[in-house]
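Visitor: For reference, the structure I am asking about is given below.
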Amino acid sequence: MINFLIVGTQRTGSSALGDGIGLHPQVACGWEWTLRTPPWRAIRIAEAGLRAEFGVLGSKDQVHMGERFSEQTQALGFRRLFRSSDKWLVHPAVAPALWLDRLEAHIDWLGRRPDIRVIHIVREDNLGWLRSRNVARQSGIYFGRPYPVDTLVSVDLTEAGRRIAAKDWVDQRLSSIARRNPYLAVSYDAFRRDNLPVLNRAIEFLGLDPTLLPSPELHMRAKPQSSTATQNNVRNHSELVAYLHQTGLLRSEIPMPAASR
């Protein structure tokens with residue numbers, strides 16, 4: 001059985017990516033199995049889940065995996081995301097949220113499990129990412145449904161800068177996984193433009209035949225949650241763009257290592 005993990009920061013398109021990969025008949029891709037588990041149990045639960053011992057998961061995850069896992073399954077994995085908190089002093093590495101998420105413990109664990117393949121999804125458009133974070137928080141819609149078109153948010157500039165710094169730090173740390181594990185970095189922005197090539201790369205990375213993947217346009221939640229321009233949802237859009245441009249944060253520049261086996 002091939003084990004894999006989809007990693008990244010929150011609000012980076014991991015749900016749509018996981019849904020798309022899971023369309024392959026030989027792939028069973030779970031949700032965030034350890035999202036609501038005590039931090040000290042997260043890795044133990046992940047290990048059990050990757051052995052197809054789904055009884056350790058929450059009830060909804062058990063039902064989901066019961067529907068997805070079958071005798072055809074050759075690749076089994078789930079999503080593990082990390083927070084981009086603005087609550088840190090001196091450096092994002094010391095954010096309490098990352099301590100609770102056990103970011104470094106997960107990186108160490110993966111180093112001890114070089115058989116686990118890691119797909120790292122990175123969102124480079126920081127303006128769109130900030131809009132997504134704030135609109136999702138205000139509307140209470142995090143996946144599965146489009147945002148209300150009339151939702152308006154104001155983005156705090158200082159908070160925005162600190163969150164982007166945290167996102168970049170988390171992505172940099174996650175990219176270090178490439179030194180010890182089979183690793184594939186994918187761009188959410190490329191996935192949003194054309195999801196099929198990204199899905200084909202991911203399926204090939206898992207060692208499976210991408211031609212068995214049905215048309216994602218027919219089956220997956222590939223559409224973005226918002227089809228409107230960013231300025232339609234952000235009251236202080238011009239001010240935010242100017243701030244991100246001035247601080248060099250308009251787009252991320254995270255190293256994207258090539259796929260490794």
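Letters for chains follow the order of the structure tokens (A, B, ...), residue numbers begin at 1 for each chain, and ligand numbers begin at 1 in the order shown.
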Within 7 Å of Val27 of chain A, counting only C-alpha atoms, which residues qualify if same-chain residues fewer than 6 places away don't, as an MDAnalysis selection string?
Guide: chainID A and resid 21 73:76
Visitor: Mind checking DSSP for segment 120-242 of chain A and telling me the strand (DSSP E) residues as a ChimeraX atom specification?
Guide: /A:120-122,183-187
Visitor: Restricting the calculation to only C-alpha atoms, which member of A:Leu17, A:Val7, A:Leu23, A:Val122 is positioned closest to Pro210 of chain A?
Guide: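 When distances to Pro210 of chain A are compared using only C-alpha atoms, the smallest one comes from A:Leu23.
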Visitor: Could you name the residues that touch Trp33 of chain A at 8 Å or less, counting only C-alpha atoms, but leaving out those on the same chain fewer than 3 positions away, as a list in words?
Guide: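 Final neighbour list, sorted by chain and number: Gly30, Arg36, Ile45, Ala46, Leu57, Gly58, Asp61, Phe78, Arg79 and Arg80 of chain A.
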Visitor: Could you give me the residues within segment 27-235 of chain A that DSSP places in alpha helix (DSSP H), as a ChimeraX atom specification?
Guide: /A:42-50,59-68,96-101,103-112,126-139,157-175,188-193,195-205,216-219
Visitor: Please, could you write that set of residues out with C-alpha atoms as a compact mmCIF listing (two decimals), in the first residue's frame?
Guide:
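Just written: again.txt:
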```txt
# COMPACT_ATOMS: atom_id res chain seq x y z
CA ALA A 42 -2.17 13.28 16.16
CA ILE A 43 0.76 11.27 14.82
CA ARG A 44 -0.39 8.04 16.45
CA ILE A 45 -3.83 8.45 14.86
CA ALA A 46 -2.21 9.28 11.51
CA GLU A 47 -0.12 6.10 11.68
CA ALA A 48 -3.18 3.96 12.43
CA GLY A 49 -5.23 5.59 9.69
CA LEU A 50 -2.49 4.98 7.13
CA SER A 59 -17.26 9.20 13.11
CA LYS A 60 -17.55 11.30 9.94
CA ASP A 61 -14.07 10.30 8.83
CA GLN A 62 -14.88 6.65 9.45
CA VAL A 63 -17.94 6.89 7.21
CA HIS A 64 -15.99 8.78 4.56
CA MET A 65 -13.17 6.23 4.46
CA GLY A 66 -15.67 3.38 4.45
CA GLU A 67 -17.03 4.86 1.23
CA ARG A 68 -13.61 5.50 -0.31
CA PRO A 96 1.80 28.94 19.79
CA ALA A 97 -0.48 27.71 16.99
CA LEU A 98 2.42 25.89 15.33
CA TRP A 99 3.37 24.34 18.65
CA LEU A 100 -0.18 23.04 19.00
CA ASP A 101 -0.16 21.86 15.39
CA LEU A 103 4.68 21.22 12.82
CA GLU A 104 8.24 20.18 13.69
CA ALA A 105 7.07 16.88 15.19
CA HIS A 106 5.30 16.06 11.91
CA ILE A 107 8.39 16.91 9.87
CA ASP A 108 10.49 14.67 12.13
CA TRP A 109 7.91 11.89 11.89
CA LEU A 110 7.92 12.02 8.10
CA GLY A 111 11.71 11.84 8.17
CA ARG A 112 11.38 8.55 10.04
CA ASN A 126 -1.28 36.24 -1.20
CA LEU A 127 -4.01 38.75 -2.05
CA GLY A 128 -6.41 35.98 -3.00
CA TRP A 129 -5.36 33.97 0.03
CA LEU A 130 -6.11 36.86 2.42
CA ARG A 131 -9.49 37.40 0.78
CA SER A 132 -10.28 33.70 1.14
CA ARG A 133 -9.27 33.62 4.81
CA ASN A 134 -11.31 36.66 5.76
CA VAL A 135 -14.40 35.88 3.70
CA ALA A 136 -14.47 32.29 4.97
CA ARG A 137 -14.16 33.49 8.57
CA GLN A 138 -16.96 36.04 8.18
CA SER A 139 -19.33 33.80 6.22
CA LEU A 157 -2.75 45.35 7.25
CA THR A 158 -0.50 44.45 10.19
CA GLU A 159 -2.30 41.16 10.71
CA ALA A 160 -2.08 40.44 6.97
CA GLY A 161 1.70 40.91 6.94
CA ARG A 162 2.18 38.69 9.98
CA ARG A 163 -0.04 35.96 8.57
CA ILE A 164 1.81 35.95 5.26
CA ALA A 165 5.13 35.75 7.11
CA ALA A 166 3.77 32.75 9.02
CA LYS A 167 2.47 31.11 5.83
CA ASP A 168 5.82 31.55 4.13
CA TRP A 169 7.66 30.12 7.12
CA VAL A 170 5.41 27.05 7.27
CA ASP A 171 5.82 26.45 3.54
CA GLN A 172 9.59 26.79 3.80
CA ARG A 173 9.69 24.24 6.62
CA LEU A 174 7.40 21.86 4.71
CA SER A 175 9.62 22.13 1.63
CA TYR A 188 -2.78 26.09 -6.16
CA ASP A 189 -2.70 28.93 -8.67
CA ALA A 190 -1.77 26.51 -11.47
CA PHE A 191 -4.38 24.04 -10.19
CA ARG A 192 -7.06 26.72 -10.32
CA ARG A 193 -6.15 27.66 -13.90
CA ASN A 195 -6.62 21.26 -12.66
CA LEU A 196 -6.12 18.25 -14.92
CA PRO A 197 -2.34 18.58 -15.53
CA VAL A 198 -1.76 19.04 -11.79
CA LEU A 199 -3.89 16.00 -10.96
CA ASN A 200 -2.07 13.91 -13.58
CA ARG A 201 1.29 14.86 -12.03
CA ALA A 202 0.03 13.94 -8.57
CA ILE A 203 -1.30 10.55 -9.72
CA GLU A 204 1.96 9.77 -11.52
CA PHE A 205 3.85 10.82 -8.38
CA PRO A 216 -12.47 16.20 -12.95
CA GLU A 217 -14.69 18.82 -14.57
CA LEU A 218 -17.61 16.43 -14.24
CA HIS A 219 -17.06 15.14 -10.73
```
Visitor: Name the closest residue to Ile119 of chain A among the candidates A:Asn3, A:Ser215, A:Thr247, A:Gln72; distances are taken between atoms, counting only C-alpha atoms.
Guide: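 Checking each candidate against Ile119 of chain A, we get A:Asn3 as the closest.
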Visitor: Would you mind telling me which residue in A:Asp209, A:Val186, A:Asp150, A:Ala28 lies nearest to Asn233 of chain A when using only C-alpha atoms?
Guide: A:Asp150
Visitor: Calculate how many Å separate atom CA of Tyr243 of chain A from atom CA of Phe82 of chain A, rounding to one decimal.
Guide: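 Taking atom CA of Tyr243 of chain A as the start and atom CA of Phe82 of chain A as the end point, the length is 25.1 Å.
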Visitor: For Val234 of chain A, find every residue with an atom within 6 Å (counting only C-alpha atoms), except residues of its own chain fewer than 2 positions away, and show them as a PyMOL selection string.
Guide: chain A and resi 152-154+231-232+236-237
Visitor: Take atom CA of Thr230 of chain A and atom CA of Pro92 of chain A and report the distance between them in Å, one decimal.
Guide: 26.4 Å
Visitor: Go ahead and compute the interatomic distance for atom CA of Leu249 of chain A and atom CA of Glu124 of chain A, in Å to one decimal.
Guide: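 Pair atom CA of Leu249 of chain A / atom CA of Glu124 of chain A returns 9.9 Å.
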